[in-house]
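Visitor: Have a look at this one before I ask anything.
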Protein chains: 2
Amino acid sequence: MKRVGFMLKVRQDKLDEYKQHHQQVWPEMLQALRETGWHNYTLFVRDDGLLFGYFETPGTLEAAQAHMAEREINTRWQEFMAPYFESPNNARPDEMFVELTEIFHLD
Amino acid sequence: MKRVGFMLKVRQDKLDEYKQHHQQVWPEMLQALRETGWHNYTLFVRDDGLLFGYFETPGTLEAAQAHMAEREINTRWQEFMAPYFESPNNARPDEMFVELTEIFHLD
């Protein structure tokens with residue numbers, strides 16, 4: 001399993017709403033994530049909206065994203081979430097991931 | 001197990017050195033972390049030095065830090081690492097953790 005860390009920036013004025021949506025992610029979206037290798041997946045936020053994601057996957061971030069990109073439910077979720085992110089060009093959130101570099105691990 | 005996410009800021013001009021030290025963390029430091037509840041612990045960095053830490057622990061971040069603070073090896077490691085961090089008042093790195101809020105989890 002590869003450990004993936006990534007960052008995104010949620011609009012601070014919409015952070016409360018963003019959190020609420022993540023307490024009730026659509027079951028079909030959760031199922032698609034499970035089926036495409038998003039394991040032990042957690043999202044964290046800082047008060048200003050900086051978002052950090054962590055998950056474990058058999059392949060790479062790119063592969064996990066590519067598998068999700070094939071799912072219609074993901075297209076709908078990403079379009080639903082797009083207004084919550086700071087984006088220079090209205091990109092979908094899943095096109096703005098900044099992948100981080102793992103520098104240390106202890107089991 | 002609670003999932004903990006935290007951030008710190010490494011000095012960009014010292015990031016390469018910081019990475020190198022983390023490829024050879026002292027064995028006594030690793031052992032202390034294991035004994036004080038730092039499980040599945042990973043550090044990630046962004047190119048500008050923003051550091052993100054993820055681990056799983058039976059208690060809280062505060063408890064895990066308090067247990068480490070009792071270890072002499074931790075005092076030495078934190079003093080060794082202090083120059084690598086952006087700090088307004090030369091605080092030890094383990095006194096500057098910004099804890100993040102978990103907003104979503106999928107096993």
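Numbering starts fresh at 1 for the residues of each chain in the structure tokens, the chains themselves are lettered A, B, ... in the order given, and ligands are numbered from 1 as they appear.
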Hey, what does DSSP flag as strand (DSSP E) within chain B? Can you give it to me as an MDAnalysis selection string?
Guide: chainID B and resid 2:9 39:45 50:57 98:99 101:106
Visitor: Keeping only N, CA and C atoms, write the selected residues to a file as a tab-separated table (two decimals), in the first residue's frame.
Guide:
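New file part33.tsv:
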```tsv
chain	number	residue	atom	x	y	z
B	2	LYS	N	-7.71	7.13	17.64
B	2	LYS	CA	-8.02	8.45	17.07
B	2	LYS	C	-7.02	8.73	15.95
B	3	ARG	N	-7.52	9.32	14.88
B	3	ARG	CA	-6.64	9.76	13.79
B	3	ARG	C	-6.27	11.21	14.02
B	4	VAL	N	-4.98	11.51	13.98
B	4	VAL	CA	-4.50	12.87	14.23
B	4	VAL	C	-3.84	13.42	12.97
B	5	GLY	N	-4.19	14.65	12.64
B	5	GLY	CA	-3.51	15.38	11.57
B	5	GLY	C	-2.96	16.67	12.14
B	6	PHE	N	-1.72	17.00	11.81
B	6	PHE	CA	-1.14	18.26	12.31
B	6	PHE	C	-0.24	18.87	11.26
B	7	MET	N	0.02	20.16	11.41
B	7	MET	CA	0.90	20.88	10.49
B	7	MET	C	2.00	21.60	11.23
B	8	LEU	N	3.09	21.78	10.51
B	8	LEU	CA	4.23	22.56	10.96
B	8	LEU	C	4.84	23.20	9.71
B	9	LYS	N	5.75	24.16	9.89
B	9	LYS	CA	6.38	24.79	8.73
B	9	LYS	C	7.90	24.65	8.82
B	39	HIS	N	1.27	5.51	16.14
B	39	HIS	CA	1.15	4.37	15.23
B	39	HIS	C	0.81	4.84	13.81
B	40	ASN	N	1.29	4.06	12.83
B	40	ASN	CA	1.04	4.38	11.40
B	40	ASN	C	1.32	5.86	11.16
B	41	TYR	N	2.49	6.28	11.58
B	41	TYR	CA	2.88	7.70	11.62
B	41	TYR	C	3.63	8.05	10.34
B	42	THR	N	3.10	9.02	9.61
B	42	THR	CA	3.74	9.45	8.36
B	42	THR	C	3.88	10.97	8.34
B	43	LEU	N	5.02	11.44	7.86
B	43	LEU	CA	5.23	12.86	7.60
B	43	LEU	C	5.31	13.09	6.09
B	44	PHE	N	4.62	14.13	5.65
B	44	PHE	CA	4.64	14.55	4.25
B	44	PHE	C	5.07	16.02	4.20
B	45	VAL	N	5.71	16.43	3.11
B	45	VAL	CA	5.99	17.87	2.92
B	45	VAL	C	5.57	18.34	1.54
B	50	LEU	N	5.91	23.30	3.89
B	50	LEU	CA	4.74	23.00	4.72
B	50	LEU	C	4.72	21.50	5.00
B	51	LEU	N	4.67	21.16	6.29
B	51	LEU	CA	4.76	19.75	6.68
B	51	LEU	C	3.43	19.29	7.24
B	52	PHE	N	3.01	18.09	6.84
B	52	PHE	CA	1.80	17.52	7.36
B	52	PHE	C	2.11	16.18	8.02
B	53	GLY	N	1.63	15.98	9.23
B	53	GLY	CA	1.81	14.72	9.93
B	53	GLY	C	0.50	14.02	10.16
B	54	TYR	N	0.52	12.69	10.02
B	54	TYR	CA	-0.66	11.85	10.25
B	54	TYR	C	-0.24	10.70	11.14
B	55	PHE	N	-0.99	10.42	12.21
B	55	PHE	CA	-0.75	9.19	12.96
B	55	PHE	C	-2.03	8.75	13.65
B	56	GLU	N	-2.00	7.53	14.17
B	56	GLU	CA	-3.15	6.96	14.88
B	56	GLU	C	-2.70	6.66	16.30
B	57	THR	N	-3.55	6.97	17.25
B	57	THR	CA	-3.14	6.89	18.65
B	57	THR	C	-4.32	6.53	19.54
B	98	VAL	N	0.15	22.52	14.94
B	98	VAL	CA	-1.21	23.00	14.72
B	98	VAL	C	-2.06	21.78	14.41
B	99	GLU	N	-2.96	21.44	15.33
B	99	GLU	CA	-3.79	20.26	15.10
B	99	GLU	C	-4.92	20.60	14.14
B	101	THR	N	-8.65	19.48	12.13
B	101	THR	CA	-9.94	18.90	12.51
B	101	THR	C	-10.34	17.83	11.50
B	102	GLU	N	-10.62	16.63	11.98
B	102	GLU	CA	-11.09	15.59	11.07
B	102	GLU	C	-12.51	15.88	10.65
B	103	ILE	N	-12.77	15.89	9.34
B	103	ILE	CA	-14.14	16.19	8.88
B	103	ILE	C	-14.74	15.04	8.08
B	104	PHE	N	-13.93	14.01	7.75
B	104	PHE	CA	-14.44	12.89	6.96
B	104	PHE	C	-13.54	11.70	7.16
B	105	HIS	N	-14.16	10.51	7.25
B	105	HIS	CA	-13.34	9.29	7.27
B	105	HIS	C	-14.08	8.15	6.60
B	106	LEU	N	-13.34	7.39	5.82
B	106	LEU	CA	-13.84	6.16	5.18
B	106	LEU	C	-12.83	5.07	5.47
```
Visitor: Write out as a ChimeraX atom specification each polymer residue whose atoms come within 10 Å of A:Ala91, counting only C-alpha atoms; drop sequence neighbours fewer than 4 positions from it.
Guide: /A:78-79,82-83,85-87,95-96
Visitor: Which residues are close to B:Tyr18, i.e. within 10 Å by only C-alpha atoms, leaving aside same-chain residues fewer than 2 positions away? Reply as a ChimeraX atom specification.
Guide: /A:103 /B:10-16,20-23,49,81,83-85
Visitor: Could you save the residues just selected, with N, CA and C atoms, as a PDB file, in the first residue's frame?
Guide:
```
ATOM      1  N   ILE A 103       8.163  11.783   3.632  1.00  0.00           N
ATOM      2  CA  ILE A 103       9.579  11.856   4.020  1.00  0.00           C
ATOM      3  C   ILE A 103       9.896  10.996   5.235  1.00  0.00           C
TER       4      ILE A 103
ATOM      5  N   VAL B  10       8.449  23.847   7.928  1.00  0.00           N
ATOM      6  CA  VAL B  10       9.902  23.691   7.843  1.00  0.00           C
ATOM      7  C   VAL B  10      10.464  24.848   7.007  1.00  0.00           C
ATOM      8  N   ARG B  11      11.650  25.337   7.398  1.00  0.00           N
ATOM      9  CA  ARG B  11      12.296  26.399   6.610  1.00  0.00           C
ATOM     10  C   ARG B  11      12.655  25.846   5.230  1.00  0.00           C
ATOM     11  N   GLN B  12      12.211  26.529   4.197  1.00  0.00           N
ATOM     12  CA  GLN B  12      12.417  26.007   2.843  1.00  0.00           C
ATOM     13  C   GLN B  12      13.906  25.833   2.532  1.00  0.00           C
ATOM     14  N   ASP B  13      14.734  26.733   3.039  1.00  0.00           N
ATOM     15  CA  ASP B  13      16.172  26.644   2.735  1.00  0.00           C
ATOM     16  C   ASP B  13      16.845  25.477   3.455  1.00  0.00           C
ATOM     17  N   LYS B  14      16.148  24.869   4.397  1.00  0.00           N
ATOM     18  CA  LYS B  14      16.723  23.745   5.130  1.00  0.00           C
ATOM     19  C   LYS B  14      15.945  22.454   4.894  1.00  0.00           C
ATOM     20  N   LEU B  15      15.064  22.473   3.923  1.00  0.00           N
ATOM     21  CA  LEU B  15      14.171  21.332   3.723  1.00  0.00           C
ATOM     22  C   LEU B  15      14.930  20.069   3.307  1.00  0.00           C
ATOM     23  N   ASP B  16      15.913  20.210   2.434  1.00  0.00           N
ATOM     24  CA  ASP B  16      16.656  19.019   1.989  1.00  0.00           C
ATOM     25  C   ASP B  16      17.356  18.334   3.163  1.00  0.00           C
ATOM     26  N   GLN B  20      16.757  14.571   4.850  1.00  0.00           N
ATOM     27  CA  GLN B  20      17.828  13.592   5.073  1.00  0.00           C
ATOM     28  C   GLN B  20      17.819  13.073   6.503  1.00  0.00           C
ATOM     29  N   HIS B  21      17.654  13.955   7.459  1.00  0.00           N
ATOM     30  CA  HIS B  21      17.627  13.499   8.856  1.00  0.00           C
ATOM     31  C   HIS B  21      16.483  12.512   9.095  1.00  0.00           C
ATOM     32  N   HIS B  22      15.382  12.699   8.355  1.00  0.00           N
ATOM     33  CA  HIS B  22      14.235  11.819   8.569  1.00  0.00           C
ATOM     34  C   HIS B  22      14.358  10.475   7.868  1.00  0.00           C
ATOM     35  N   GLN B  23      15.410  10.306   7.084  1.00  0.00           N
ATOM     36  CA  GLN B  23      15.702   8.972   6.549  1.00  0.00           C
ATOM     37  C   GLN B  23      16.528   8.162   7.535  1.00  0.00           C
ATOM     38  N   GLY B  49       7.971  23.600   2.094  1.00  0.00           N
ATOM     39  CA  GLY B  49       8.310  23.293   3.480  1.00  0.00           C
ATOM     40  C   GLY B  49       7.113  23.074   4.391  1.00  0.00           C
ATOM     41  N   MET B  81      16.174  19.375  15.986  1.00  0.00           N
ATOM     42  CA  MET B  81      15.295  19.762  14.873  1.00  0.00           C
ATOM     43  C   MET B  81      14.884  21.237  14.900  1.00  0.00           C
ATOM     44  N   PRO B  83      16.217  24.186  14.716  1.00  0.00           N
ATOM     45  CA  PRO B  83      16.668  25.159  13.702  1.00  0.00           C
ATOM     46  C   PRO B  83      16.033  24.964  12.326  1.00  0.00           C
ATOM     47  N   TYR B  84      15.362  23.843  12.118  1.00  0.00           N
ATOM     48  CA  TYR B  84      14.794  23.563  10.799  1.00  0.00           C
ATOM     49  C   TYR B  84      13.399  24.152  10.620  1.00  0.00           C
ATOM     50  N   PHE B  85      12.843  24.691  11.685  1.00  0.00           N
ATOM     51  CA  PHE B  85      11.456  25.165  11.629  1.00  0.00           C
ATOM     52  C   PHE B  85      11.359  26.680  11.678  1.00  0.00           C
TER      53      PHE B  85
END
```
Visitor: What parts of stretch 13-106 of chain A does DSSP call helix (DSSP H, G or I)? I'd like the answer as JSON, numbers by chain.
Guide: {"A": [13, 14, 15, 16, 17, 18, 19, 20, 21, 22, 27, 28, 29, 30, 31, 32, 33, 34, 35, 61, 62, 63, 64, 65, 66, 67, 68, 69, 72, 73, 74, 75, 76, 77, 78, 79, 80, 81, 82, 83, 84, 93, 94, 95]}
Visitor: Would you list the contacts of stretch 70-76 of chain A as a PDB file with C-alpha atoms, in the first residue's frame, taking every protein, DNA or RNA residue within 12 Å and counting only C-alpha atoms, but skipping same-chain residues closer than 4 positions in sequence?
Guide:
```
ATOM      1  CA  VAL A  25     -21.377  11.938   1.685  1.00  0.00           C
ATOM      2  CA  TRP A  26     -23.610  10.080  -0.785  1.00  0.00           C
ATOM      3  CA  PRO A  27     -23.470   6.309  -0.202  1.00  0.00           C
ATOM      4  CA  GLU A  28     -22.801   5.709  -3.925  1.00  0.00           C
ATOM      5  CA  MET A  29     -19.783   8.021  -3.689  1.00  0.00           C
ATOM      6  CA  LEU A  30     -18.450   6.127  -0.655  1.00  0.00           C
ATOM      7  CA  GLN A  31     -18.938   2.845  -2.483  1.00  0.00           C
ATOM      8  CA  ALA A  32     -17.078   4.122  -5.569  1.00  0.00           C
ATOM      9  CA  LEU A  33     -14.163   5.246  -3.373  1.00  0.00           C
ATOM     10  CA  GLU A  35     -14.061   0.050  -5.072  1.00  0.00           C
ATOM     11  CA  THR A  36     -11.316   2.207  -6.580  1.00  0.00           C
ATOM     12  CA  ALA A  63      -4.366   5.786 -10.561  1.00  0.00           C
ATOM     13  CA  ALA A  64      -6.906   6.203  -7.751  1.00  0.00           C
ATOM     14  CA  GLN A  65      -8.081   9.477  -9.287  1.00  0.00           C
ATOM     15  CA  ALA A  66      -8.235   7.982 -12.790  1.00  0.00           C
ATOM     16  CA  PHE A  80     -21.362  19.733  -6.391  1.00  0.00           C
ATOM     17  CA  MET A  81     -18.140  20.477  -4.472  1.00  0.00           C
ATOM     18  CA  ALA A  82     -16.484  22.827  -7.008  1.00  0.00           C
ATOM     19  CA  ARG A  92     -13.065  20.535 -10.499  1.00  0.00           C
ATOM     20  CA  PRO A  93     -11.638  19.881  -7.029  1.00  0.00           C
ATOM     21  CA  ASP A  94     -10.228  16.537  -8.126  1.00  0.00           C
ATOM     22  CA  GLU A  95      -8.152  18.353 -10.765  1.00  0.00           C
TER      23      GLU A  95
END
```
Visitor: What is the atom CA of B:Leu61 to atom CA of B:Arg34 distance in Å?
Guide: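 Result for atom CA of B:Leu61 versus atom CA of B:Arg34: 14.1 Å, one decimal.
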Visitor: Please determine, counting only C-alpha atoms, which residue among A:Glu17, A:Arg46, A:His67, A:Trp38 has the shortest atom-to-atom distance to chain B.
Guide: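 With only C-alpha atoms as the atom set, the closest residue is A:Arg46.
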Visitor: Can you measure atom CA of A:Gly59 to atom CA of A:Leu100 for me? One decimal in Å is fine.
Guide: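 Atom-to-atom, atom CA of A:Gly59 and atom CA of A:Leu100 are spaced 15.5 Å apart.
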Visitor: What gap, in Å, lies between atom CA of B:Gly37 and atom CA of B:Lys19?
Guide: 23.1 Å
Visitor: Under the rule that only C-alpha atoms are counted, which of B:Pro58, B:Met1, B:Asp47, B:Ala69 is the nearest residue to chain A?
Guide: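 Checking each of B:Pro58, B:Met1, B:Asp47, B:Ala69 against chain A, counting only C-alpha atoms, the winner is B:Asp47.
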